[in-house]
file entry09.cif (mmCIF, C-alpha atoms)
data_protein
#
loop_
_atom_site.label_atom_id
_atom_site.label_comp_id
_atom_site.auth_asym_id
_atom_site.auth_seq_id
_atom_site.Cartn_x
_atom_site.Cartn_y
_atom_site.Cartn_z
CA MET A 225 23.67 -96.53 43.18
CA SER A 226 23.03 -94.42 40.12
CA PRO A 227 20.84 -91.33 40.35
CA VAL A 228 17.88 -91.19 37.98
CA GLY A 229 18.93 -89.59 34.73
CA SER A 230 22.60 -90.56 34.87
CA PRO A 231 23.96 -92.43 31.83
CA ARG A 232 23.15 -96.13 31.76
CA LYS A 233 23.73 -98.24 28.67
CA THR A 234 20.36 -99.58 27.57
CA LEU A 235 19.49 -102.26 25.01
CA LEU A 236 15.91 -102.27 23.74
CA LEU A 237 14.50 -105.12 21.66
CA GLY A 238 11.24 -104.44 19.84
CA ALA A 239 11.80 -100.77 19.01
CA THR A 240 10.00 -101.12 15.67
CA GLY A 241 7.08 -103.02 17.20
CA TYR A 242 3.81 -101.96 18.75
CA ILE A 243 4.76 -102.21 22.43
CA GLY A 244 8.44 -101.39 22.10
CA GLY A 245 7.97 -98.44 19.79
CA ASP A 246 5.48 -96.77 22.08
CA ALA A 247 7.54 -97.46 25.19
CA LEU A 248 10.70 -96.10 23.56
CA LYS A 249 8.96 -92.78 22.88
CA VAL A 250 7.67 -92.41 26.43
CA ILE A 251 10.97 -93.39 28.03
CA LEU A 252 13.00 -90.95 25.95
CA ASP A 253 10.42 -88.19 26.35
CA GLN A 254 10.91 -88.54 30.10
CA PHE A 255 14.66 -89.25 30.05
CA PRO A 256 16.02 -87.48 26.93
CA ASP A 257 19.60 -87.55 28.23
CA GLN A 258 19.53 -91.35 27.92
CA GLU A 259 19.06 -91.31 24.13
CA SER A 260 22.76 -91.41 23.27
CA HIS A 261 23.15 -94.41 25.60
CA PHE A 262 20.43 -96.44 23.89
CA SER A 263 20.98 -99.32 21.46
CA VAL A 264 18.02 -100.84 19.62
CA LEU A 265 17.68 -103.88 17.40
CA ALA A 266 16.28 -103.50 13.87
CA ARG A 267 15.86 -106.26 11.31
CA ASP A 268 16.35 -104.12 8.19
CA GLU A 269 17.90 -100.85 7.12
CA LYS A 270 14.59 -99.12 6.39
CA LYS A 271 13.28 -99.71 9.90
CA GLY A 272 16.60 -98.59 11.32
CA GLU A 273 16.47 -95.38 9.32
CA ALA A 274 13.00 -94.59 10.69
CA ILE A 275 14.31 -94.96 14.24
CA ARG A 276 17.36 -92.77 13.50
CA ALA A 277 15.12 -90.10 12.01
CA ALA A 278 13.09 -89.95 15.21
CA TYR A 279 16.01 -90.45 17.61
CA PRO A 280 19.25 -89.29 15.94
CA LYS A 281 21.48 -90.20 18.88
CA ILE A 282 20.32 -93.81 19.17
CA ARG A 283 22.65 -96.61 18.12
CA VAL A 284 20.86 -99.01 15.77
CA VAL A 285 22.06 -102.62 15.72
CA HIS A 286 20.99 -104.60 12.66
CA GLY A 287 19.93 -108.14 13.41
CA SER A 288 17.06 -110.33 14.59
CA LEU A 289 16.06 -112.31 17.65
CA ASP A 290 17.57 -115.36 15.98
CA ASP A 291 21.08 -113.85 16.01
CA THR A 292 22.20 -115.48 19.24
CA GLU A 293 25.82 -114.35 19.31
CA LEU A 294 24.80 -110.78 18.54
CA LEU A 295 22.26 -110.74 21.37
CA VAL A 296 24.71 -112.23 23.86
CA GLY A 297 27.29 -109.58 22.98
CA GLU A 298 24.85 -106.68 23.10
CA ALA A 299 23.33 -107.79 26.40
CA ALA A 300 26.80 -108.15 27.90
CA LYS A 301 27.37 -104.45 27.22
CA ALA A 302 24.06 -103.21 28.64
CA ASP A 303 23.28 -102.02 32.15
CA ILE A 304 19.56 -102.26 31.33
CA VAL A 305 17.81 -104.54 28.84
CA LEU A 306 14.23 -103.92 27.75
CA HIS A 307 13.01 -107.06 25.97
CA LEU A 308 9.74 -105.88 24.43
CA ALA A 309 9.87 -107.86 21.21
CA HIS A 310 8.50 -111.39 21.54
CA ALA A 311 6.88 -113.15 24.50
CA GLY A 312 7.63 -116.63 23.20
CA HIS A 313 11.13 -116.53 21.71
CA VAL A 314 13.11 -118.89 23.94
CA SER A 315 16.50 -118.64 22.24
CA ALA A 316 16.44 -114.83 22.38
CA ALA A 317 15.62 -114.89 26.08
CA ASN A 318 18.43 -117.37 26.72
CA ALA A 319 20.86 -115.24 24.72
CA ILE A 320 20.02 -112.14 26.72
CA ILE A 321 20.46 -114.00 29.99
CA ALA A 322 23.78 -115.43 28.79
CA GLY A 323 25.03 -111.90 28.16
CA LEU A 324 23.84 -110.70 31.55
CA LYS A 325 25.50 -113.67 33.23
CA GLN A 326 28.78 -112.58 31.69
CA ARG A 327 28.29 -109.21 33.35
CA SER A 328 27.38 -110.89 36.64
CA ALA A 329 30.61 -112.92 36.54
CA GLU A 330 32.47 -109.61 36.22
CA GLY A 331 30.69 -108.25 39.30
CA LYS A 332 28.35 -105.98 37.30
CA THR A 333 24.67 -105.52 38.08
CA SER A 334 22.12 -105.58 35.26
CA TYR A 335 18.40 -104.94 34.96
CA LEU A 336 16.09 -106.89 32.64
CA ILE A 337 12.53 -105.78 31.93
CA HIS A 338 10.69 -108.38 29.86
CA VAL A 339 7.18 -108.23 28.41
CA GLY A 340 5.33 -111.53 28.41
CA GLY A 341 1.63 -111.92 27.86
CA ALA A 342 -1.57 -112.76 29.74
CA GLY A 343 -2.21 -115.51 27.22
CA VAL A 344 -0.34 -117.61 29.78
CA LEU A 345 -3.54 -117.56 31.85
CA VAL A 346 -5.69 -119.40 29.28
CA TYR A 347 -3.96 -122.64 30.28
CA GLU A 348 -6.90 -124.10 32.24
CA ASP A 349 -9.31 -123.54 29.35
CA MET A 350 -6.76 -125.01 26.94
CA GLN A 351 -6.44 -128.17 29.00
CA ALA A 352 -10.20 -128.50 29.36
CA GLY A 353 -10.89 -127.71 25.70
CA LYS A 354 -13.27 -124.89 26.66
CA TYR A 355 -14.12 -122.09 24.24
CA GLY A 356 -16.49 -119.18 24.78
CA GLU A 357 -17.35 -120.30 28.31
CA HIS A 358 -17.43 -118.26 31.50
CA SER A 359 -14.80 -118.63 34.21
CA ASP A 360 -14.33 -116.75 37.48
CA LYS A 361 -10.73 -117.94 37.89
CA THR A 362 -8.68 -114.82 38.62
CA TYR A 363 -4.91 -114.59 39.11
CA ASP A 364 -3.21 -111.82 41.04
CA ASP A 365 0.43 -110.73 41.15
CA TRP A 366 0.63 -109.97 44.88
CA GLU A 367 -0.67 -112.46 47.40
CA GLY A 368 -1.20 -115.00 44.63
CA VAL A 369 2.06 -114.42 42.76
CA SER A 370 3.44 -117.88 43.57
CA GLU A 371 0.57 -119.46 41.64
CA VAL A 372 1.42 -117.31 38.61
CA THR A 373 5.15 -117.99 38.73
CA SER A 374 4.58 -121.75 38.98
CA LEU A 375 2.10 -122.28 36.16
CA PRO A 376 2.54 -125.57 34.26
CA ASP A 377 5.19 -125.70 31.55
CA ALA A 378 2.51 -126.27 28.90
CA ALA A 379 1.00 -122.81 29.47
CA PRO A 380 1.60 -120.31 26.61
CA HIS A 381 4.71 -118.15 27.10
CA ARG A 382 5.63 -120.19 30.17
CA ASN A 383 8.89 -121.42 28.60
CA VAL A 384 10.19 -117.86 28.32
CA ASP A 385 8.66 -116.73 31.62
CA LYS A 386 10.69 -119.44 33.36
CA VAL A 387 13.94 -118.29 31.74
CA ILE A 388 13.35 -114.72 32.95
CA LEU A 389 12.15 -115.59 36.44
CA GLU A 390 14.94 -118.09 37.09
CA ALA A 391 17.54 -115.53 36.00
CA GLY A 392 16.21 -113.28 38.76
CA GLY A 393 17.73 -115.71 41.26
CA ASP A 394 21.13 -114.21 40.43
CA THR A 395 21.61 -111.31 42.82
CA ARG A 396 23.31 -109.26 40.09
CA ILE A 397 20.57 -109.83 37.48
CA LYS A 398 17.52 -107.80 38.50
CA THR A 399 14.47 -109.00 36.58
CA ALA A 400 10.91 -107.79 36.16
CA LEU A 401 8.33 -109.56 34.02
CA VAL A 402 5.40 -107.47 32.77
CA CYS A 403 2.34 -109.40 31.66
CA PRO A 404 -0.16 -107.31 29.66
CA PRO A 405 -3.59 -108.58 28.59
CA LEU A 406 -5.50 -107.36 25.54
CA ILE A 407 -3.77 -104.14 24.48
CA TYR A 408 -5.68 -101.46 22.59
CA GLY A 409 -5.06 -97.96 21.24
CA VAL A 410 -2.81 -96.55 18.54
CA GLY A 411 0.91 -96.84 19.21
CA ARG A 412 3.28 -93.90 18.84
CA GLY A 413 6.36 -95.73 17.59
CA THR A 414 8.12 -95.45 14.25
CA GLY A 415 7.02 -98.91 13.10
CA ASN A 416 3.92 -100.97 13.84
CA GLN A 417 1.24 -98.96 15.62
CA ARG A 418 -1.50 -101.61 15.51
CA SER A 419 -2.47 -104.13 18.14
CA ILE A 420 -3.90 -107.61 17.44
CA GLN A 421 -7.08 -108.77 19.15
CA ILE A 422 -9.46 -105.84 18.55
CA PRO A 423 -8.13 -104.71 15.13
CA ILE A 424 -8.17 -108.22 13.66
CA LEU A 425 -11.64 -108.96 15.05
CA ILE A 426 -12.91 -105.81 13.33
CA GLU A 427 -10.91 -106.46 10.14
CA LYS A 428 -12.18 -110.03 9.74
CA SER A 429 -15.75 -108.99 10.51
CA ILE A 430 -15.64 -106.30 7.82
CA GLN A 431 -14.27 -108.84 5.35
CA ARG A 432 -17.02 -111.33 6.20
CA GLY A 433 -19.77 -108.71 6.32
CA GLN A 434 -20.85 -109.99 9.71
CA LEU A 435 -19.46 -109.91 13.24
CA PHE A 436 -18.68 -113.16 15.00
CA GLN A 437 -17.81 -114.49 18.43
CA VAL A 438 -16.46 -117.79 19.72
CA ALA A 439 -19.33 -120.05 20.80
CA GLU A 440 -21.41 -118.31 23.50
CA GLY A 441 -18.96 -115.40 23.76
CA LYS A 442 -18.67 -115.63 27.54
CA ALA A 443 -14.88 -115.73 27.79
CA PHE A 444 -13.30 -112.77 29.61
CA TRP A 445 -10.08 -110.85 29.01
CA ASN A 446 -8.62 -107.91 30.86
CA ASN A 447 -7.37 -105.00 28.81
CA VAL A 448 -5.00 -102.04 28.93
CA HIS A 449 -4.33 -99.02 26.71
CA VAL A 450 -0.91 -99.15 25.10
CA HIS A 451 -0.08 -95.70 26.50
CA ASP A 452 -0.80 -96.89 30.04
CA LEU A 453 1.35 -99.95 29.44
CA SER A 454 4.20 -97.69 28.32
CA ASP A 455 3.80 -95.67 31.51
CA LEU A 456 4.28 -98.86 33.52
CA LEU A 457 7.38 -99.82 31.55
CA THR A 458 8.75 -96.31 32.03
CA LEU A 459 8.23 -96.55 35.79
CA LEU A 460 10.26 -99.77 35.81
CA TYR A 461 12.95 -98.15 33.68
CA LYS A 462 13.13 -95.29 36.17
CA GLU A 463 13.62 -97.84 38.96
CA ALA A 464 16.42 -99.46 36.95
CA LEU A 465 18.15 -96.10 36.57
CA SER A 466 18.19 -95.57 40.32
CA GLY A 467 18.66 -99.18 41.44
CA ASP A 468 17.53 -98.30 44.94
CA ARG A 469 14.56 -100.60 45.59
CA LYS A 470 15.27 -104.32 45.65
CA GLU A 471 11.59 -105.18 46.22
CA VAL A 472 10.81 -104.12 42.64
CA TRP A 473 12.94 -106.93 41.17
CA GLY A 474 13.50 -110.64 41.48
CA PRO A 475 11.82 -114.04 41.05
CA ASN A 476 8.49 -112.66 42.30
CA ALA A 477 8.63 -109.46 40.24
CA TYR A 478 5.68 -110.43 38.06
CA TYR A 479 3.55 -107.46 37.01
CA PHE A 480 0.10 -107.80 35.52
CA ALA A 481 -0.88 -104.67 33.59
CA GLU A 482 -4.66 -104.56 33.45
CA ASN A 483 -7.10 -101.70 33.76
CA GLY A 484 -10.42 -103.50 33.73
CA GLY A 485 -11.79 -106.05 31.34
CA ALA A 486 -14.80 -107.36 29.45
CA VAL A 487 -16.54 -110.46 28.18
CA TRP A 488 -15.94 -111.00 24.46
CA GLY A 489 -19.64 -111.24 23.70
CA ASP A 490 -20.15 -107.76 25.15
CA ILE A 491 -17.23 -106.41 23.14
CA SER A 492 -18.67 -107.93 19.96
CA ALA A 493 -22.08 -106.43 20.71
CA LYS A 494 -20.58 -102.96 20.98
CA ILE A 495 -18.47 -103.38 17.84
CA VAL A 496 -21.37 -104.64 15.71
CA GLU A 497 -23.49 -101.60 16.55
CA ILE A 498 -20.69 -99.30 15.39
CA LEU A 499 -20.02 -101.34 12.25
CA HIS A 500 -23.70 -101.45 11.33
CA SER A 501 -24.13 -97.71 11.88
CA LYS A 502 -21.39 -97.19 9.31
CA GLY A 503 -22.80 -99.71 6.85
CA LEU A 504 -19.83 -102.04 7.27
CA VAL A 505 -21.88 -105.14 8.15
CA LYS A 506 -25.27 -106.21 6.83
CA ASP A 507 -27.03 -106.39 10.21
CA THR A 508 -26.42 -106.49 13.96
CA ASN A 509 -26.52 -110.26 14.23
CA ILE A 510 -23.43 -111.90 15.72
CA GLU A 511 -22.53 -115.31 14.37
CA LYS A 512 -21.49 -117.92 16.93
CA LEU A 513 -18.53 -119.85 15.59
CA SER A 514 -17.03 -123.10 16.80
CA GLN A 515 -13.39 -123.35 17.79
CA GLU A 516 -12.68 -125.02 14.43
CA ASP A 517 -14.40 -122.35 12.36
CA THR A 518 -12.74 -119.55 14.34
CA ALA A 519 -9.35 -121.14 13.68
CA LYS A 520 -10.08 -120.96 9.93
CA ILE A 521 -10.32 -117.18 10.26
CA THR A 522 -7.02 -116.98 12.13
CA HIS A 523 -5.15 -119.75 13.90
CA PHE A 524 -4.89 -117.88 17.22
CA GLY A 525 -8.53 -116.76 17.24
CA PRO A 526 -9.95 -119.53 19.47
CA PHE A 527 -7.47 -118.65 22.20
CA VAL A 528 -7.46 -114.84 22.14
CA TRP A 529 -11.23 -114.47 21.62
CA GLY A 530 -12.54 -117.68 23.14
CA GLN A 531 -10.63 -118.47 26.33
CA ASN A 532 -10.39 -116.74 29.69
CA SER A 533 -7.52 -114.57 30.87
CA ARG A 534 -8.51 -112.83 34.10
CA SER A 535 -5.97 -111.04 36.32
CA ARG A 536 -5.56 -108.30 38.91
CA ALA A 537 -2.67 -105.85 38.60
CA ILE A 538 -1.81 -105.16 42.23
CA ARG A 539 2.00 -105.09 42.21
CA ALA A 540 2.47 -102.15 39.83
CA ARG A 541 -0.04 -100.05 41.72
CA LYS A 542 1.46 -100.85 45.13
CA LEU A 543 5.18 -100.67 44.34
CA LEU A 544 5.33 -98.20 41.45
CA GLY A 545 2.25 -96.05 41.90
CA TRP A 546 1.08 -97.00 38.42
CA THR A 547 -2.20 -95.23 37.62
CA PRO A 548 -3.78 -95.90 34.21
CA ARG A 549 -5.22 -92.70 32.76
CA GLN A 550 -6.28 -93.43 29.18
CA ARG A 551 -9.80 -93.89 27.90
CA SER A 552 -11.45 -97.27 28.25
CA LEU A 553 -11.65 -99.95 25.60
CA GLU A 554 -15.34 -99.20 25.09
CA GLU A 555 -14.53 -95.52 24.50
CA GLU A 556 -11.77 -96.51 22.07
CA LEU A 557 -13.90 -98.80 19.88
CA PRO A 558 -15.33 -96.16 17.49
CA ALA A 559 -11.82 -94.96 16.63
CA ALA A 560 -10.65 -98.57 16.21
CA VAL A 561 -13.49 -99.23 13.76
CA ASP A 562 -12.64 -96.09 11.76
CA ILE A 563 -9.02 -97.15 11.45
CA GLU A 564 -9.89 -100.66 10.26
CA ALA A 565 -12.50 -99.30 7.83
CA GLU A 566 -9.84 -97.04 6.31
CA ARG A 567 -7.45 -99.97 6.06
CA ALA A 568 -10.11 -102.00 4.26
CA ILE A 569 -10.72 -99.21 1.76
CA SER A 570 -7.01 -98.75 1.02
CA ALA A 571 -6.23 -102.47 0.84
#

call {"tool": "encode", "arguments": {"input": "entry09.cif", "output": "structure tokens"}}
result
Amino acid sequence: MSPVGSPRKTLLLGATGYIGGDALKVILDQFPDQESHFSVLARDEKKGEAIRAAYPKIRVVHGSLDDTELLVGEAAKADIVLHLAHAGHVSAANAIIAGLKQRSAEGKTSYLIHVGGAGVLVYEDMQAGKYGEHSDKTYDDWEGVSEVTSLPDAAPHRNVDKVILEAGGDTRIKTALVCPPLIYGVGRGTGNQRSIQIPILIEKSIQRGQLFQVAEGKAFWNNVHVHDLSDLLTLLYKEALSGDRKEVWGPNAYYFAENGGAVWGDISAKIVEILHSKGLVKDTNIEKLSQEDTAKITHFGPFVWGQNSRSRAIRARKLLGWTPRQRSLEEELPAAVDIEAERAISA
């Protein structure tokens, strides 16, 4: 067992991204002595320099998720791997597991914290071809975890989820899969600080001069502030440092990360009022778009704005004491509009 705060070699993927950059800051704010034991992946020198400027003791490894041999080698050297870069990159996930299996064969224990995505839960709507329709179907990560860990292979992100969960069957590879929904708020990392669903909805609406929704706008998504998500990832990292609680890890260690949720039509109604008050759209009407027309705006739009992803985050609250503290999505929307308006002006 290793006491919290003792040196553990850590590999973090996604340090220049939205989730990974914010999590890196929170983890090292809480565990500053770990900085010199951190390695992070960066695709180019400029991004690496930004990380070094913020964290001078960090080791920056130049490469991408497609560099299989590099990832295998780096994972084989790490006591803890934080894969916060890409929820759907199968070869990267396999490379990380291959490196950890090398460690397992040597009798070494490793911890893998992977961030997936609650897009995996839109599977039923995808199969039924439903867009903008209501659904009460709710998944939970406690009593209902077996349903989540056995979703059909065709579900989004499921291919990578399976790689991570199956690796947790190795007693020396301790896995935890974190599944966030819509993420909002400004990140605090050195690279990308912008999320996707809310910023792009606002951006495209400003460009069009009118807000839109998918069909009747009745699809529901949970949400979480990026700072609260980082707190959850930090709690898991703390558990990895100590290694004391086996119930935190394994094939059932699937953690939803929600703090409430909303119907997309309600979100659009709130956004359009803010946009109109600032003169950024011509009126408060919300255009109802078909799946095909939404896809013309952005290919992923029909899924992230038009299909249901409803979950309950029980595991993190029960096992880790996770308590989200940040302001709600509704409270965040005025700031989100201001940021996108500024981007539009400077574009």

call {"tool": "resolve_selection", "arguments": {"input": "entry09.cif", "expression": "the PyMOL selection byres ((chain A and resi 357-360) around 6)", "output": "list of chain:residue names"}}
result
A:Tyr355, A:Gly356, A:Lys361, A:Lys442, A:Ala443

call {"tool": "closest_residue", "arguments": {"input": "entry09.cif", "among": "A:Asn509, A:Gln417, A:Ser260, A:Asn476", "to": "Ser374 in chain A", "atoms": "all atoms listed in the file"}}
result
A:Asn476

call {"tool": "residues_near_point", "arguments": {"input": "entry09.cif", "point": "(-12.6, -113.5, 24.0)", "cutoff": "10 Å", "atoms": "all atoms listed in the file", "output": "ChimeraX atom specification"}}
result
/A:355-357,406,421-422,437-439,441-446,486-492,525-533

call {"tool": "residues_around", "arguments": {"input": "entry09.cif", "residues": "Ala481 in chain A", "least_positions_apart": "6", "cutoff": "8 Å", "atoms": "all atoms listed in the file", "output": "list of chain:residue names"}}
result
A:Val402, A:Cys403, A:Pro404, A:Pro405, A:Val448, A:Leu453, A:Leu456, A:Arg536, A:Ala537, A:Ala540

call {"tool": "write_last_selection", "arguments": {"input": "entry09.cif", "atoms": "C-alpha atoms", "output": "CSV table (one decimal), in the frame of the given file"}}
result
chain,number,residue,atom,x,y,z
A,402,VAL,CA,5.4,-107.5,32.8
A,403,CYS,CA,2.3,-109.4,31.7
A,404,PRO,CA,-0.2,-107.3,29.7
A,405,PRO,CA,-3.6,-108.6,28.6
A,448,VAL,CA,-5.0,-102.0,28.9
A,453,LEU,CA,1.4,-100.0,29.4
A,456,LEU,CA,4.3,-98.9,33.5
A,536,ARG,CA,-5.6,-108.3,38.9
A,537,ALA,CA,-2.7,-105.8,38.6
A,540,ALA,CA,2.5,-102.2,39.8

call {"tool": "closest_residue", "arguments": {"input": "entry09.cif", "among": "A:Arg276, A:His313, A:Lys398, A:Lys386", "to": "Leu465 in chain A", "atoms": "all atoms listed in the file"}}
result
A:Lys398

call {"tool": "resolve_selection", "arguments": {"input": "entry09.cif", "expression": "the PyMOL selection byres ((chain A and resi 554-565) around 7)", "output": "number ranges by chain"}}
result
A: 409, 423, 426-427, 495, 498, 551-553, 566-569

call {"tool": "write_last_selection", "arguments": {"input": "entry09.cif", "atoms": "C-alpha atoms", "output": "short mmCIF file (atom, residue, chain, number, x, y, z; two decimals), in the coordinates of the input"}}
result
data_model
loop_
_atom_site.label_atom_id
_atom_site.label_comp_id
_atom_site.auth_asym_id
_atom_site.auth_seq_id
_atom_site.Cartn_x
_atom_site.Cartn_y
_atom_site.Cartn_z
CA GLY A 409 -5.06 -97.96 21.24
CA PRO A 423 -8.13 -104.71 15.13
CA ILE A 426 -12.91 -105.81 13.33
CA GLU A 427 -10.91 -106.46 10.14
CA ILE A 495 -18.47 -103.38 17.84
CA ILE A 498 -20.69 -99.30 15.39
CA ARG A 551 -9.80 -93.89 27.90
CA SER A 552 -11.45 -97.27 28.25
CA LEU A 553 -11.65 -99.95 25.60
CA GLU A 566 -9.84 -97.04 6.31
CA ARG A 567 -7.45 -99.97 6.06
CA ALA A 568 -10.11 -102.00 4.26
CA ILE A 569 -10.72 -99.21 1.76
#

call {"tool": "residues_near_point", "arguments": {"input": "entry09.cif", "point": "(10.1, -96.3, 18.8)", "cutoff": "6 Å", "atoms": "all atoms listed in the file", "output": "list in words"}}
result
Ala239, Thr240, Gly245, Asp246, Leu248, Lys249, Gly413 and Thr414 of chain A

call {"tool": "atom_distance", "arguments": {"input": "entry09.cif", "atom1": "CA of Leu543 in chain A", "atom2": "CA of Trp473 in chain A"}}
result
10.5 Å

call {"tool": "resolve_selection", "arguments": {"input": "entry09.cif", "expression": "the PyMOL selection byres ((chain A and resi 449) around 6)", "output": "JSON, numbers by chain"}}
result
{"A": [407, 408, 409, 448, 450, 451, 452]}

call {"tool": "atom_distance", "arguments": {"input": "entry09.cif", "atom1": "CA of Pro475 in chain A", "atom2": "CA of Gly392 in chain A"}}
result
5.0 Å

call {"tool": "decode", "arguments": {"input": "entry09.cif", "residues": "range 506-524 of chain A", "atoms": "N, CA and C atoms", "output": "mmCIF file, in the first residue's frame"}}
result
data_model
loop_
_atom_site.group_PDB
_atom_site.id
_atom_site.type_symbol
_atom_site.label_atom_id
_atom_site.label_comp_id
_atom_site.auth_asym_id
_atom_site.auth_seq_id
_atom_site.Cartn_x
_atom_site.Cartn_y
_atom_site.Cartn_z
ATOM 1 N N LYS A 506 -32.692 37.524 -34.101
ATOM 2 C CA LYS A 506 -33.711 38.485 -34.540
ATOM 3 C C LYS A 506 -34.970 38.454 -33.692
ATOM 4 N N ASP A 507 -35.292 37.291 -33.113
ATOM 5 C CA ASP A 507 -36.483 37.181 -32.278
ATOM 6 C C ASP A 507 -36.316 35.993 -31.338
ATOM 7 N N THR A 508 -37.357 35.699 -30.586
ATOM 8 C CA THR A 508 -37.272 34.592 -29.610
ATOM 9 C C THR A 508 -37.888 33.299 -30.139
ATOM 10 N N ASN A 509 -38.160 33.261 -31.416
ATOM 11 C CA ASN A 509 -38.668 32.027 -32.008
ATOM 12 C C ASN A 509 -37.560 30.985 -32.084
ATOM 13 N N ILE A 510 -37.938 29.735 -31.878
ATOM 14 C CA ILE A 510 -36.991 28.619 -31.958
ATOM 15 C C ILE A 510 -37.409 27.721 -33.116
ATOM 16 N N GLU A 511 -36.527 27.582 -34.078
ATOM 17 C CA GLU A 511 -36.831 26.782 -35.260
ATOM 18 C C GLU A 511 -36.699 25.297 -34.941
ATOM 19 N N LYS A 512 -37.683 24.519 -35.343
ATOM 20 C CA LYS A 512 -37.648 23.071 -35.169
ATOM 21 C C LYS A 512 -37.039 22.446 -36.424
ATOM 22 N N LEU A 513 -35.906 21.802 -36.236
ATOM 23 C CA LEU A 513 -35.192 21.219 -37.370
ATOM 24 C C LEU A 513 -35.319 19.701 -37.372
ATOM 25 N N SER A 514 -35.355 19.139 -38.548
ATOM 26 C CA SER A 514 -35.343 17.686 -38.689
ATOM 27 C C SER A 514 -33.948 17.156 -38.388
ATOM 28 N N GLN A 515 -33.858 15.848 -38.232
ATOM 29 C CA GLN A 515 -32.559 15.214 -38.030
ATOM 30 C C GLN A 515 -31.617 15.553 -39.184
ATOM 31 N N GLU A 516 -32.148 15.531 -40.416
ATOM 32 C CA GLU A 516 -31.310 15.793 -41.594
ATOM 33 C C GLU A 516 -30.803 17.228 -41.610
ATOM 34 N N ASP A 517 -31.665 18.171 -41.291
ATOM 35 C CA ASP A 517 -31.253 19.572 -41.305
ATOM 36 C C ASP A 517 -30.294 19.888 -40.155
ATOM 37 N N THR A 518 -30.499 19.232 -39.014
ATOM 38 C CA THR A 518 -29.563 19.428 -37.899
ATOM 39 C C THR A 518 -28.185 18.903 -38.268
ATOM 40 N N ALA A 519 -28.148 17.779 -38.952
ATOM 41 C CA ALA A 519 -26.864 17.192 -39.357
ATOM 42 C C ALA A 519 -26.115 18.097 -40.329
ATOM 43 N N LYS A 520 -26.826 18.942 -41.062
ATOM 44 C CA LYS A 520 -26.157 19.888 -41.971
ATOM 45 C C LYS A 520 -25.426 20.979 -41.185
ATOM 46 N N ILE A 521 -25.915 21.264 -39.987
ATOM 47 C CA ILE A 521 -25.258 22.262 -39.136
ATOM 48 C C ILE A 521 -23.989 21.675 -38.545
ATOM 49 N N THR A 522 -24.095 20.475 -37.998
ATOM 50 C CA THR A 522 -22.930 19.717 -37.539
ATOM 51 C C THR A 522 -23.327 18.258 -37.500
ATOM 52 N N HIS A 523 -22.431 17.382 -37.918
ATOM 53 C CA HIS A 523 -22.791 15.979 -38.110
ATOM 54 C C HIS A 523 -23.252 15.292 -36.823
ATOM 55 N N PHE A 524 -22.737 15.749 -35.668
ATOM 56 C CA PHE A 524 -23.105 15.093 -34.412
ATOM 57 C C PHE A 524 -24.333 15.725 -33.755
#
